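Visitor: Have a look at this one.
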Amino acid sequence: METGISLPEDLSAQIDDILLELRRKAEAECVLLADISGQLVSAQGRLEDIDPVTVAALAAGDVAAMSELVRQIGEPNPHGSFLHEGENKSIYLFSVAGSFLLIVIFGADTPIGLMRLFVRRAAERLYPLTAEFEEVMGQPQDVPLGDFSATLADELDRVFGGL
Amino acid sequence: MSNEQTKSGEPTSFREILNEMNEAGQFQVSVLTSVEGLPIATSPRDYDSDLISAMVALIQRVSNDAQSQLGMADVDEVTIHDRDRIRLVCRYIAFGGERLILAALVPPNKPYRRVTNRAVRQIKRLLS
């Protein structure tokens, strides 16, 4: 899967390994990892039905909006997890140390507890990689709205440009 | 999840563990949930786990209260009998920072402790 980010081979292999294990154990359809600005880092699983780049950009927007919302209600830690339960498919977004965004798409027959259990475990394995990732990418802002807005605008133009 | 088993015959998924446990103990249904009551696996697979998960979460709250009020150590098991002698058995599992509950509906006069012990060991192995 082509992504917009070029990582050292070793780091990339470690990330792919974590995502593959998460996908298998959590019975997910696909698992994506994006940086907090919405740039796709890695994608594993069945990707035929989705555009991973668009999903990553939109998910980052969702997390940024939700983080602001929880700040507004006085929650001291704005980085958390967000779940949308659909009739057939659901999506779970998990912010890893404010650097990575783990995006898991799963079917209605996947138990939520199973998915959450293994997302937490995958996040624990991803935490130590955030420092190396940030070194490669440069320190992220808390919510780099400039990068994010540009990425989101590009993707929205691409998706809805013909309408 | 895969139905494959390892070469040693050990189950490779939570659902397989529950399937084997139900078969060995002749249990009607079993669920593995988080302590918050979120279902992790159910057997049979198509069993509506929401009700039993909610009940397990309720039992968890009651046992937490009992523990704090009575100063008991960590709870190992909570059992509810109905008048038909069917039991809802909840086993607590704490391992690797995770806290899970294994619940099973056990028919009258059926032993359950040994088969649930085995399932608990297998669940811990999968978590490790």
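Labels for the structure tokens follow display order: chains A, B, ..., residues from 1 in each chain, ligands from 1.
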When you look at B:Leu32 with a cut-off of 8 Å (counting only C-alpha atoms), what residues show up, excluding the ones that are within fewer than 5 positions of it in the same chain? I need them as a VMD selection string.

Guide: chain B and resid 14 39 to 42 100 to 103

Visitor: Those residues you just picked out, can you put them in a file as a PDB file, in the first residue's frame with C-alpha atoms?

Guide:
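Saved the output as result-v4.pdb:
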ATOM      1  CA  PHE B  14     -11.118 -16.772  22.611  1.00  0.00           C
ATOM      2  CA  PRO B  39     -18.400  -8.656  24.924  1.00  0.00           C
ATOM      3  CA  ILE B  40     -15.077 -10.109  23.731  1.00  0.00           C
ATOM      4  CA  ALA B  41     -16.280 -13.529  22.612  1.00  0.00           C
ATOM      5  CA  THR B  42     -19.451 -15.590  22.857  1.00  0.00           C
ATOM      6  CA  LEU B 100     -11.885  -9.828  32.110  1.00  0.00           C
ATOM      7  CA  ILE B 101     -14.892 -11.873  33.200  1.00  0.00           C
ATOM      8  CA  LEU B 102     -15.678 -15.351  31.966  1.00  0.00           C
ATOM      9  CA  ALA B 103     -19.362 -16.161  32.440  1.00  0.00           C
TER      10      ALA B 103
END

Visitor: Dump as a ChimeraX atom specification the residues of chain B that approach chain A to within 12 Å, counting only C-alpha atoms.

Guide: /B:1-2,12-15,31-43,45-50,53,96-101,126-128

Visitor: Please provide the set of residues having any atom within 9 Å of stretch 63-73 of chain A, restricted to only C-alpha atoms, with same-chain residues fewer than 4 positions apart removed, written as a ChimeraX atom specification.

Guide: /A:36-37,58-59,77-82,93-95,101,143,145

Visitor: Could you save those same residues with C-alpha atoms as a CSV table (one decimal), in the first residue's frame?

Guide:
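Writing done, so here's result-v5.csv:
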chain,number,residue,atom,x,y,z
A,36,ILE,CA,-2.1,13.1,13.7
A,37,SER,CA,-2.4,15.4,10.7
A,58,LEU,CA,-11.3,12.3,7.6
A,59,ALA,CA,-10.5,10.4,10.7
A,77,ASN,CA,-7.1,14.6,28.5
A,78,PRO,CA,-8.5,15.3,25.0
A,79,HIS,CA,-6.7,12.3,23.4
A,80,GLY,CA,-8.9,9.2,23.6
A,81,SER,CA,-10.8,6.8,21.5
A,82,PHE,CA,-13.9,7.3,19.5
A,93,LEU,CA,-10.4,5.7,16.2
A,94,PHE,CA,-7.7,5.6,18.9
A,95,SER,CA,-5.1,8.3,19.4
A,101,LEU,CA,-4.1,7.7,14.9
A,143,VAL,CA,-3.3,19.5,16.3
A,145,LEU,CA,-4.5,22.4,11.6

Visitor: What residues in chain A get the DSSP label alpha helix (DSSP H)? Please answer as JSON, numbers by chain.

Guide: {"A": [9, 10, 11, 12, 13, 14, 15, 16, 17, 18, 19, 20, 21, 22, 23, 24, 25, 52, 53, 54, 55, 56, 57, 58, 59, 60, 61, 62, 63, 64, 65, 66, 67, 68, 69, 70, 71, 72, 112, 113, 114, 115, 116, 117, 118, 119, 120, 121, 122, 123, 124, 125, 126, 127, 128, 129, 130, 131, 132, 133, 134, 135, 136, 137, 145, 146, 147, 148, 149, 150, 151, 152, 153, 154, 155, 156, 157, 158, 159, 160]}

Visitor: List the spatial neighbours of B:Val120 as a list in words - criterion: any atom at most 8 Å away, only C-alpha atoms, same-chain residues fewer than 3 positions off excluded.

Guide: Ile93, Leu102, Thr116, Asn117, Ile123 and Lys124 of chain B

Visitor: Those same residues, written as a PDB file, in the first residue's frame with N, CA, C and O atoms?

Guide:
ATOM      1  N   ILE B  93     -10.781 -12.756  35.725  1.00  0.00           N
ATOM      2  CA  ILE B  93      -9.449 -13.006  35.163  1.00  0.00           C
ATOM      3  C   ILE B  93      -8.675 -11.694  35.154  1.00  0.00           C
ATOM      4  O   ILE B  93      -9.114 -10.721  34.539  1.00  0.00           O
ATOM      5  N   LEU B 102     -15.194 -14.194  32.717  1.00  0.00           N
ATOM      6  CA  LEU B 102     -15.678 -15.351  31.966  1.00  0.00           C
ATOM      7  C   LEU B 102     -16.977 -15.791  32.627  1.00  0.00           C
ATOM      8  O   LEU B 102     -16.984 -16.127  33.825  1.00  0.00           O
ATOM      9  N   THR B 116     -13.756 -24.549  33.802  1.00  0.00           N
ATOM     10  CA  THR B 116     -13.552 -23.084  33.732  1.00  0.00           C
ATOM     11  C   THR B 116     -12.111 -22.724  34.102  1.00  0.00           C
ATOM     12  O   THR B 116     -11.546 -21.794  33.537  1.00  0.00           O
ATOM     13  N   ASN B 117     -11.520 -23.498  35.039  1.00  0.00           N
ATOM     14  CA  ASN B 117     -10.094 -23.272  35.364  1.00  0.00           C
ATOM     15  C   ASN B 117      -9.230 -23.432  34.121  1.00  0.00           C
ATOM     16  O   ASN B 117      -8.325 -22.644  33.863  1.00  0.00           O
ATOM     17  N   ILE B 123      -7.089 -18.642  28.349  1.00  0.00           N
ATOM     18  CA  ILE B 123      -7.311 -17.216  28.053  1.00  0.00           C
ATOM     19  C   ILE B 123      -6.060 -16.416  28.433  1.00  0.00           C
ATOM     20  O   ILE B 123      -5.606 -15.551  27.673  1.00  0.00           O
ATOM     21  N   LYS B 124      -5.482 -16.736  29.595  1.00  0.00           N
ATOM     22  CA  LYS B 124      -4.259 -16.032  30.019  1.00  0.00           C
ATOM     23  C   LYS B 124      -3.126 -16.286  29.024  1.00  0.00           C
ATOM     24  O   LYS B 124      -2.331 -15.388  28.734  1.00  0.00           O
TER      25      LYS B 124
END

Visitor: Pick out each residue of stretch 2-124 of chain B that DSSP on the backbone tags as strand (DSSP E); I need them as a PyMOL selection string.

Guide: chain B and resi 29-34+39-43+77-81+87-95+98-106

Visitor: Quick one: residues within 10 Å of stretch 65-74 of chain B, only C-alpha atoms, excluding same-chain residues fewer than 4 positions away - as a list in words?

Guide: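 Result of the neighbour search: Ile59, Gln60, Arg61, Tyr92 and Ala94 of chain B.
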
Visitor: Keeping C-alpha atoms for every residue in the selection just given, could you write it to a file as a PDB file, in the first residue's frame?

Guide:
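Dumped to selection_38.pdb:
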ATOM      1  CA  ILE B  59     -22.579  -8.525  39.005  1.00  0.00           C
ATOM      2  CA  GLN B  60     -19.198  -6.849  38.695  1.00  0.00           C
ATOM      3  CA  ARG B  61     -20.545  -3.708  40.367  1.00  0.00           C
ATOM      4  CA  TYR B  92     -12.644 -13.122  37.198  1.00  0.00           C
ATOM      5  CA  ALA B  94      -6.687 -10.489  35.808  1.00  0.00           C
TER       6      ALA B  94
END

Visitor: Between atom CA of B:Ile86 and atom CA of B:Leu51, what is the distance in Å, rounded to a tenth?

Guide: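 Between these atoms lies a distance of 16.6 Å.
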
Visitor: What gap, in Å, lies between atom CA of B:Val115 and atom CA of B:Gly25?

Guide: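 Calculated distance between atom CA of B:Val115 and atom CA of B:Gly25 is 6.3 Å.
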
Visitor: Counting only C-alpha atoms, what is within 12 Å of A:Asp10, bar same-chain residues fewer than 4 positions away, as a PyMOL selection string?

Guide: chain A and resi 6+14-17+129+132-133

Visitor: Residues as selected, all heavy atoms, written as a PDB file, in the first residue's frame, can you do that?

Guide:
ATOM      1  N   SER A   6       7.392   8.427   3.992  1.00  0.00           N
ATOM      2  CA  SER A   6       8.492   7.491   3.793  1.00  0.00           C
ATOM      3  C   SER A   6       9.198   7.276   5.129  1.00  0.00           C
ATOM      4  O   SER A   6       9.731   8.206   5.715  1.00  0.00           O
ATOM      5  CB  SER A   6       9.454   8.081   2.756  1.00  0.00           C
ATOM      6  OG  SER A   6      10.564   7.259   2.639  1.00  0.00           O
ATOM      7  N   GLN A  14       8.096  -2.802  11.603  1.00  0.00           N
ATOM      8  CA  GLN A  14       7.543  -2.967  12.959  1.00  0.00           C
ATOM      9  C   GLN A  14       6.083  -2.519  13.003  1.00  0.00           C
ATOM     10  O   GLN A  14       5.229  -3.186  13.591  1.00  0.00           O
ATOM     11  CB  GLN A  14       8.349  -2.140  13.965  1.00  0.00           C
ATOM     12  CG  GLN A  14       9.689  -2.734  14.320  1.00  0.00           C
ATOM     13  CD  GLN A  14      10.360  -1.877  15.391  1.00  0.00           C
ATOM     14  OE1 GLN A  14       9.989  -1.920  16.556  1.00  0.00           O
ATOM     15  NE2 GLN A  14      11.339  -1.086  14.989  1.00  0.00           N
ATOM     16  N   ILE A  15       5.803  -1.399  12.351  1.00  0.00           N
ATOM     17  CA  ILE A  15       4.430  -0.879  12.329  1.00  0.00           C
ATOM     18  C   ILE A  15       3.503  -1.851  11.591  1.00  0.00           C
ATOM     19  O   ILE A  15       2.415  -2.181  12.066  1.00  0.00           O
ATOM     20  CB  ILE A  15       4.393   0.533  11.683  1.00  0.00           C
ATOM     21  CG1 ILE A  15       5.023   1.555  12.636  1.00  0.00           C
ATOM     22  CG2 ILE A  15       2.966   0.938  11.331  1.00  0.00           C
ATOM     23  CD1 ILE A  15       5.233   2.930  12.039  1.00  0.00           C
ATOM     24  N   ASP A  16       3.962  -2.325  10.425  1.00  0.00           N
ATOM     25  CA  ASP A  16       3.135  -3.267   9.649  1.00  0.00           C
ATOM     26  C   ASP A  16       2.840  -4.518  10.455  1.00  0.00           C
ATOM     27  O   ASP A  16       1.724  -5.044  10.429  1.00  0.00           O
ATOM     28  CB  ASP A  16       3.852  -3.654   8.345  1.00  0.00           C
ATOM     29  CG  ASP A  16       3.889  -2.508   7.350  1.00  0.00           C
ATOM     30  OD1 ASP A  16       3.189  -1.505   7.596  1.00  0.00           O
ATOM     31  OD2 ASP A  16       4.605  -2.615   6.342  1.00  0.00           O
ATOM     32  N   ASP A  17       3.845  -5.000  11.184  1.00  0.00           N
ATOM     33  CA  ASP A  17       3.690  -6.208  11.993  1.00  0.00           C
ATOM     34  C   ASP A  17       2.616  -6.001  13.072  1.00  0.00           C
ATOM     35  O   ASP A  17       1.763  -6.862  13.294  1.00  0.00           O
ATOM     36  CB  ASP A  17       5.053  -6.535  12.619  1.00  0.00           C
ATOM     37  CG  ASP A  17       4.987  -7.782  13.462  1.00  0.00           C
ATOM     38  OD1 ASP A  17       4.547  -8.812  12.925  1.00  0.00           O
ATOM     39  OD2 ASP A  17       5.351  -7.729  14.651  1.00  0.00           O
ATOM     40  N   LEU A 129       7.339   3.464  19.561  1.00  0.00           N
ATOM     41  CA  LEU A 129       7.765   3.844  18.209  1.00  0.00           C
ATOM     42  C   LEU A 129       7.477   5.310  17.897  1.00  0.00           C
ATOM     43  O   LEU A 129       7.967   5.836  16.896  1.00  0.00           O
ATOM     44  CB  LEU A 129       7.056   2.957  17.172  1.00  0.00           C
ATOM     45  CG  LEU A 129       7.213   1.441  17.333  1.00  0.00           C
ATOM     46  CD1 LEU A 129       6.489   0.710  16.207  1.00  0.00           C
ATOM     47  CD2 LEU A 129       8.698   1.054  17.329  1.00  0.00           C
ATOM     48  N   GLU A 132      10.651   7.564  17.685  1.00  0.00           N
ATOM     49  CA  GLU A 132      11.409   7.377  16.437  1.00  0.00           C
ATOM     50  C   GLU A 132      10.656   8.001  15.258  1.00  0.00           C
ATOM     51  O   GLU A 132      11.242   8.638  14.379  1.00  0.00           O
ATOM     52  CB  GLU A 132      11.631   5.877  16.190  1.00  0.00           C
ATOM     53  CG  GLU A 132      12.648   5.604  15.105  1.00  0.00           C
ATOM     54  CD  GLU A 132      12.861   4.119  14.870  1.00  0.00           C
ATOM     55  OE1 GLU A 132      12.468   3.291  15.727  1.00  0.00           O
ATOM     56  OE2 GLU A 132      13.401   3.779  13.807  1.00  0.00           O
ATOM     57  N   PHE A 133       9.324   7.820  15.276  1.00  0.00           N
ATOM     58  CA  PHE A 133       8.485   8.364  14.204  1.00  0.00           C
ATOM     59  C   PHE A 133       8.599   9.886  14.169  1.00  0.00           C
ATOM     60  O   PHE A 133       8.777  10.494  13.107  1.00  0.00           O
ATOM     61  CB  PHE A 133       7.034   7.929  14.424  1.00  0.00           C
ATOM     62  CG  PHE A 133       6.081   8.459  13.401  1.00  0.00           C
ATOM     63  CD1 PHE A 133       5.980   7.870  12.152  1.00  0.00           C
ATOM     64  CD2 PHE A 133       5.287   9.565  13.683  1.00  0.00           C
ATOM     65  CE1 PHE A 133       5.105   8.366  11.207  1.00  0.00           C
ATOM     66  CE2 PHE A 133       4.407  10.067  12.740  1.00  0.00           C
ATOM     67  CZ  PHE A 133       4.317   9.466  11.505  1.00  0.00           C
TER      68      PHE A 133
END

Visitor: Quick one: everything within 8 Å of A:Gly86, counting only C-alpha atoms, minus sequence neighbours fewer than 4 positions away in the same chain. Send it as a PDB file with C-alpha atoms, in the first residue's frame.

Guide:
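Wrote out_38.pdb, looks like this:
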ATOM      1  CA  SER A  90     -18.166   0.236  12.530  1.00  0.00           C
ATOM      2  CA  ILE A  91     -15.100   2.392  12.911  1.00  0.00           C
ATOM      3  CA  ALA A 108     -21.122  -5.879  12.945  1.00  0.00           C
TER       4      ALA A 108
END

Visitor: Using atom CA of A:Val104 and atom CA of A:Thr130 as the two end points, give the distance in Å to one decimal.

Guide: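 Computing it gives 18.6 Å between the two atoms.
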